[in-house]
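A.B. asks: Dropping a structure here in structure tokens format, bear with me for questions.
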Amino acid sequence: MNVGSLLGRIARYRPDDVAVICGDRRLTHAEHARSVHRAARVLLALGLAPGDRLALVLGNRIELLEIYRAAALIGVVVVPLSPLLLAPALVSLLRDSGSVALIADAGTASLVEGVSRELDDIPESRCLLIDVPGTSKSRDWEARVDAESDAAPAVPEVGPEHPYNIVYSSGTTGLPKGIVHTQRIRALYGLLFAQRFGIDAGSVVMHAGSLVFNGAFPTLMAAWLVGCPYVLLERFDPAEWIETVRRERVTHMIVVPSQLTAVLHSPGFSAEAVSSLRMLCSLGAPLPRETKEQLLRVLPESALWELYGLTEGFVTVLDGRDFRAHIDSVGTPLAYNDMRIVDGEGRDAATGVVGEILGRGPLLTPGYWGRPDLTAEAIVDGWLHTGDVGFVDADGYLHLVDRHKDLIISGGVNVFPRDIEEVAARHPAVREVAVYGVPDERWGECPIAAVVRVASSTVDAADLRDWINANVSARFQRVREVVILDELPHNIAGKTLKRVLRERHVST
């Protein structure tokens, strides 16, 4: 179950098939395998051994895919970190993970060089740079790779429970935690998601989000398993996204709602442009009902999917074939996954009753890196406590109500921001919306709506507030204020940072 071995198998039997497309580079499986072998030899030459942690602060590029595969092959544990991190956060995560080597690129080199003096466990010789002119040969990734043989290296024994990577949580509600995934878990990602999504050797998978986000791995691992072409965009641009889907005849893709919103408002978006898609799956945040309706009018039949999941390892999927009939749900658990809805006392809730979502299954993390205390809090008797609130309908489909930590308590009443967001999203001038709570002397907390308008709109905040308040279901859902922004703050995973919005509002 070493996922790093998958490429060698495909390269042997289908060497000339396309493996990776990124920018103007197209590599066959044989070419990709030779590059991975050289990358693995560089890591071995650095003295890295199975279990050592290798931090990556890289944007989307072919080298990142090669390092993912090379590390897996030789048992090195990859720690993918967001290129958007600020220096103190980067130092904190490098120390927390115990990383002993680091690879950065031109976009992150200055950040890494600036913090290198604080990294006692990462000597300068193990801090390599990609695509950075003037780098010494000993630290130049490309120079070191080019000097290595492309023959397969000697591979140490790497068992299924050996850690493959440590993915840090996005930190939307607090400090990030290092979530461990083993070789077995990543192998099962490939098997389960290839089966669920219908990804096979004839598919074309594309990814336009950050590869350090765990949401990239369901389709990445499936593509590794079946050996289909994997199209990687170096950055998300709506026009490039549309053109690449059209040109490469992309069949499967995972996106986040903010990307879908941008694509829908792009001039080149049309039914013809996306006619090749068999699966366009949204994850990372709830997809507003209004956006779903727009997409259903344009996408091929059964092509719109939605995934709800946690990096810790519980997943539900709303299949495109079930989408219209269960449009307000996030589907049913992935194969071999179980789900419960429990009340505040830990008792199973009845059908239709809101409670905390608990899940378990074979993708469940063995724990948070170096934090057995947090692991024991989150996983109790084998069940992951998600911190999300939802209910199950009579057909067994999960309906996500909100994040428990985003809950607004106004006048003693529970107010779920998503209920208000769904209403606001129906206004023709609203492109994106996020509702959050702020302190209020009278009610304890009150809802505020941050709105990004469509480009052509000039509607003002007061009119939007009045429209929202006239259309919500209850008086306690009325927003105190609408704040109009040019853009909402998002993390690398595309999730809206409500914590940042709340802090900004309180500090002004």
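Identifiers in the structure tokens: chain A, B, ... in order shown; residue index from 1 per chain; ligand index from 1 in order shown.
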Within 12 Å of Glu234 (chain A), counting only C-alpha atoms, which residues qualify if same-chain residues fewer than 5 places away don't, as a VMD selection string?
C.D. replies: chain A and resid 21 to 25 58 to 65 107 206 to 211 240 to 241 244
A.B. asks: Based on DSSP run over this structure's backbone, return all residues of region 369-490 of chain A in strand (DSSP E or B), as a PyMOL selection string.
C.D. replies: chain A and resi 379-380+383-392+398-403+408-410+413-415+430-440+444-453+481-484+490
A.B. asks: Would you compute the distance between CA of Trp369 (chain A) and CA of Ile166 (chain A)? Give it in Å to one decimal.
C.D. replies: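 Calculated distance between CA of Trp369 (chain A) and CA of Ile166 (chain A) is 7.3 Å.
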A.B. asks: Can you pull out the residues contacting Thr365 (chain A)? Cut-off 12 Å, using only C-alpha atoms, and skip same-chain residues under 4 positions away; I want them as an MDAnalysis selection string.
C.D. replies: chainID A and resid 161 163:167 178:186 310:314 359:361 369 375:376 378:379 382:384
A.B. asks: Could you write out the selected residues, including N, CA, C and O atoms, as a compact mmCIF listing (two decimals), in the first residue's frame?
C.D. replies:
```txt
# COMPACT_ATOMS: atom_id res chain seq x y z
N GLU A 161 0.78 1.41 7.67
CA GLU A 161 0.49 2.35 8.75
C GLU A 161 1.57 3.42 8.90
O GLU A 161 1.52 4.23 9.82
N PRO A 163 3.27 6.86 8.34
CA PRO A 163 2.71 8.17 7.96
C PRO A 163 3.14 8.56 6.55
O PRO A 163 4.32 8.40 6.19
N TYR A 164 2.20 9.08 5.78
CA TYR A 164 2.52 9.61 4.45
C TYR A 164 2.67 11.12 4.52
O TYR A 164 3.60 11.70 3.96
N ASN A 165 1.70 11.78 5.17
CA ASN A 165 1.81 13.23 5.28
C ASN A 165 1.17 13.74 6.57
O ASN A 165 0.45 13.01 7.26
N ILE A 166 1.48 14.99 6.87
CA ILE A 166 0.83 15.72 7.96
C ILE A 166 0.21 16.95 7.33
O ILE A 166 0.92 17.83 6.82
N VAL A 167 -1.11 17.01 7.32
CA VAL A 167 -1.83 18.14 6.74
C VAL A 167 -2.38 19.00 7.87
O VAL A 167 -3.14 18.51 8.71
N GLY A 178 -1.96 19.44 13.22
CA GLY A 178 -1.36 18.56 12.22
C GLY A 178 -2.09 17.23 12.14
O GLY A 178 -2.00 16.41 13.05
N ILE A 179 -2.79 17.00 11.06
CA ILE A 179 -3.60 15.79 10.88
C ILE A 179 -2.79 14.77 10.09
O ILE A 179 -2.35 15.03 8.97
N VAL A 180 -2.58 13.60 10.68
CA VAL A 180 -1.73 12.57 10.09
C VAL A 180 -2.55 11.68 9.16
O VAL A 180 -3.66 11.26 9.51
N HIS A 181 -2.00 11.41 7.98
CA HIS A 181 -2.57 10.42 7.06
C HIS A 181 -1.50 9.37 6.77
O HIS A 181 -0.36 9.71 6.45
N THR A 182 -1.87 8.13 6.87
CA THR A 182 -0.94 7.04 6.62
C THR A 182 -0.95 6.63 5.15
O THR A 182 -1.81 7.07 4.37
N GLN A 183 0.00 5.78 4.78
CA GLN A 183 0.00 5.23 3.43
C GLN A 183 -1.32 4.50 3.14
O GLN A 183 -1.88 4.61 2.04
N ARG A 184 -1.81 3.76 4.11
CA ARG A 184 -3.07 3.03 3.92
C ARG A 184 -4.23 3.99 3.66
O ARG A 184 -5.05 3.76 2.77
N ILE A 185 -4.31 5.06 4.43
CA ILE A 185 -5.39 6.03 4.26
C ILE A 185 -5.35 6.63 2.86
O ILE A 185 -6.37 6.73 2.17
N ARG A 186 -4.16 7.03 2.41
CA ARG A 186 -4.07 7.62 1.08
C ARG A 186 -4.37 6.58 -0.01
O ARG A 186 -4.98 6.92 -1.05
N LEU A 310 -14.21 16.16 6.42
CA LEU A 310 -13.19 16.73 7.28
C LEU A 310 -11.86 16.08 6.95
O LEU A 310 -11.79 14.88 6.65
N THR A 311 -10.79 16.87 7.04
CA THR A 311 -9.45 16.34 6.81
C THR A 311 -9.17 15.17 7.75
O THR A 311 -8.43 14.25 7.41
N GLU A 312 -9.82 15.19 8.92
CA GLU A 312 -9.63 14.10 9.88
C GLU A 312 -10.14 12.76 9.37
O GLU A 312 -9.76 11.72 9.91
N GLY A 313 -11.04 12.77 8.37
CA GLY A 313 -11.35 11.50 7.74
C GLY A 313 -12.77 11.01 7.74
O GLY A 313 -13.00 9.80 7.71
N PHE A 314 -13.76 11.92 7.74
CA PHE A 314 -15.15 11.49 7.55
C PHE A 314 -15.70 12.23 6.35
O PHE A 314 -15.50 13.44 6.20
N GLY A 359 -18.78 10.89 12.90
CA GLY A 359 -18.51 9.97 11.81
C GLY A 359 -17.33 9.06 12.11
O GLY A 359 -16.49 9.37 12.96
N ARG A 360 -17.29 7.93 11.43
CA ARG A 360 -16.15 7.03 11.53
C ARG A 360 -16.01 6.26 10.22
O ARG A 360 -16.96 6.15 9.44
N GLY A 361 -14.81 5.74 9.99
CA GLY A 361 -14.58 4.99 8.77
C GLY A 361 -13.10 4.76 8.56
O GLY A 361 -12.26 5.17 9.36
N TRP A 369 -0.78 15.27 15.07
CA TRP A 369 0.65 15.09 15.27
C TRP A 369 1.09 15.68 16.62
O TRP A 369 0.93 16.87 16.87
N THR A 375 -6.37 14.64 20.18
CA THR A 375 -6.90 13.44 19.52
C THR A 375 -7.98 12.79 20.38
O THR A 375 -9.04 12.41 19.88
N ALA A 376 -7.71 12.70 21.69
CA ALA A 376 -8.68 12.08 22.60
C ALA A 376 -9.97 12.89 22.70
O ALA A 376 -11.05 12.34 22.92
N ALA A 378 -11.22 14.76 20.16
CA ALA A 378 -11.93 14.72 18.89
C ALA A 378 -12.45 13.34 18.52
O ALA A 378 -13.50 13.21 17.89
N ILE A 379 -11.71 12.28 18.90
CA ILE A 379 -12.10 10.91 18.53
C ILE A 379 -12.38 10.14 19.81
O ILE A 379 -11.47 9.83 20.58
N GLY A 382 -13.80 5.72 18.86
CA GLY A 382 -13.73 5.50 17.42
C GLY A 382 -14.55 6.45 16.58
O GLY A 382 -14.52 6.39 15.35
N TRP A 383 -15.31 7.35 17.24
CA TRP A 383 -16.17 8.30 16.52
C TRP A 383 -15.54 9.68 16.50
O TRP A 383 -15.17 10.21 17.55
N LEU A 384 -15.43 10.27 15.31
CA LEU A 384 -14.94 11.63 15.17
C LEU A 384 -16.06 12.61 15.48
O LEU A 384 -17.12 12.59 14.85
```
A.B. asks: Which residue out of A:Ile10, A:Leu119, A:Ala429, A:Leu128 has the minimum interatomic distance to Leu102 (chain A) when only C-alpha atoms are used?
C.D. replies: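 The closest residue to Leu102 (chain A) is A:Leu128.
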A.B. asks: Quick one: residues within 10 Å of region 27-35 of chain A, only C-alpha atoms counted, chain neighbours fewer than 5 positions away excluded, as a VMD selection string?
C.D. replies: chain A and resid 5 to 22 40 to 41 62 to 63 65 to 67 69 to 70 145 to 146 148 to 152 227 to 229
A.B. asks: For Arg139 (chain A), which of A:Arg340, A:Arg431, A:Arg126, A:Arg321 is the closest residue, counting only C-alpha atoms?
C.D. replies: A:Arg126
A.B. asks: So which bits of region 80-127 of chain A end up alpha helix (DSSP H) when you DSSP the backbone, as a list in words?
C.D. replies: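 The alpha helix (DSSP H) residues within region 80-127 of chain A come out as Ala87, Pro88, Ala89, Leu90, Val91, Ser92, Leu93, Leu94, Arg95, Asp96, Ser97, Ala109, Ser110, Leu111, Val112, Glu113, Gly114 and Val115 of chain A.
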A.B. asks: Mind writing the picked residues with N, CA and C atoms as a tab-separated table (two decimals), in the first residue's frame?
C.D. replies:
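Ended up saving to part.tsv:
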```
chain	number	residue	atom	x	y	z
A	87	ALA	N	5.41	34.78	8.46
A	87	ALA	CA	6.61	34.20	9.06
A	87	ALA	C	6.39	33.54	10.42
A	88	PRO	N	5.70	34.19	11.38
A	88	PRO	CA	5.53	33.54	12.69
A	88	PRO	C	4.77	32.23	12.60
A	89	ALA	N	3.72	32.19	11.74
A	89	ALA	CA	2.94	30.95	11.59
A	89	ALA	C	3.77	29.86	10.94
A	90	LEU	N	4.59	30.23	9.96
A	90	LEU	CA	5.44	29.25	9.30
A	90	LEU	C	6.42	28.63	10.28
A	91	VAL	N	7.07	29.45	11.07
A	91	VAL	CA	8.02	28.94	12.07
A	91	VAL	C	7.31	28.02	13.05
A	92	SER	N	6.11	28.41	13.47
A	92	SER	CA	5.36	27.60	14.44
A	92	SER	C	5.05	26.22	13.89
A	93	LEU	N	4.62	26.14	12.63
A	93	LEU	CA	4.25	24.85	12.04
A	93	LEU	C	5.47	24.00	11.73
A	94	LEU	N	6.55	24.63	11.33
A	94	LEU	CA	7.78	23.87	11.09
A	94	LEU	C	8.27	23.23	12.38
A	95	ARG	N	8.20	23.98	13.46
A	95	ARG	CA	8.61	23.43	14.75
A	95	ARG	C	7.65	22.36	15.23
A	96	ASP	N	6.36	22.63	15.07
A	96	ASP	CA	5.35	21.67	15.54
A	96	ASP	C	5.50	20.33	14.83
A	97	SER	N	5.80	20.37	13.54
A	97	SER	CA	5.91	19.13	12.75
A	97	SER	C	7.25	18.44	12.95
A	109	ALA	N	10.47	31.90	-1.43
A	109	ALA	CA	11.89	31.86	-1.04
A	109	ALA	C	12.23	32.95	-0.04
A	110	SER	N	11.76	34.18	-0.27
A	110	SER	CA	12.11	35.28	0.65
A	110	SER	C	11.55	35.03	2.03
A	111	LEU	N	10.35	34.46	2.09
A	111	LEU	CA	9.75	34.13	3.39
A	111	LEU	C	10.60	33.08	4.11
A	112	VAL	N	10.98	32.04	3.40
A	112	VAL	CA	11.76	30.96	4.00
A	112	VAL	C	13.14	31.45	4.43
A	113	GLU	N	13.79	32.22	3.57
A	113	GLU	CA	15.11	32.74	3.91
A	113	GLU	C	15.04	33.64	5.13
A	114	GLY	N	13.92	34.36	5.27
A	114	GLY	CA	13.77	35.27	6.40
A	114	GLY	C	13.61	34.58	7.74
A	115	VAL	N	13.09	33.35	7.72
A	115	VAL	CA	12.87	32.64	8.98
A	115	VAL	C	13.91	31.55	9.23
```
A.B. asks: Taking 6 positions as the minimum chain separation for residues in the same chain, which residues sit within 8 Å of Arg453 (chain A) when counting only C-alpha atoms? Answer as a list in words.
C.D. replies: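 Result of the neighbour search: Ala429, Val430, Arg431, Glu432, Ile484, Leu485 and Asp486 of chain A.
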A.B. asks: Using the selection just defined, write its residues with C-alpha atoms as a JSON list (two decimals), in the first residue's frame.
C.D. replies:
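Below you can see out12.json, which holds the result:
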```json
[["chain", "number", "residue", "atom", "x", "y", "z"],
["A", 429, "ALA", "CA", -26.69, 41.83, -6.67],
["A", 430, "VAL", "CA", -24.99, 39.39, -4.28],
["A", 431, "ARG", "CA", -21.99, 37.49, -5.60],
["A", 432, "GLU", "CA", -20.67, 36.17, -2.25],
["A", 484, "ILE", "CA", -19.92, 45.68, 1.40],
["A", 485, "LEU", "CA", -16.43, 44.39, 0.58],
["A", 486, "ASP", "CA", -14.38, 44.03, -2.60]]
```
A.B. asks: Please list as a ChimeraX atom specification every residue within 9 Å of Val204 (chain A), counting only C-alpha atoms and excluding residues in the same chain fewer than 6 positions away.
C.D. replies: /A:223,228-231,248-253
A.B. asks: Can you list, as a list in words, every protein, DNA or RNA residue that comes within 10 Å of His326 (chain A) when you count only C-alpha atoms, leaving out same-chain residues fewer than 4 positions away?
C.D. replies: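 These residues fall inside the cut-off: Leu318, Asp319, Gly320, Arg321, Asp322, Val330, Gly331, Asp393, Asp395, Tyr397, Leu398 and His399 of chain A.
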A.B. asks: Measuring atom to atom with only C-alpha atoms, identify which of A:Gly344, A:Pro372, A:Thr291, A:Thr332 is nearest to Arg426 (chain A).
C.D. replies: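 Under the stated criterion, the closest residue is A:Thr291.
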A.B. asks: With only C-alpha atoms as the basis for distance, which of A:Val317, A:Ile254, A:Ala147, A:Met1 is at the shortest distance from Leu225 (chain A)?
C.D. replies: A:Met1
A.B. asks: To one decimal place, how far is CA of Trp224 (chain A) from CA of Leu363 (chain A) in Å?
C.D. replies: 17.3 Å
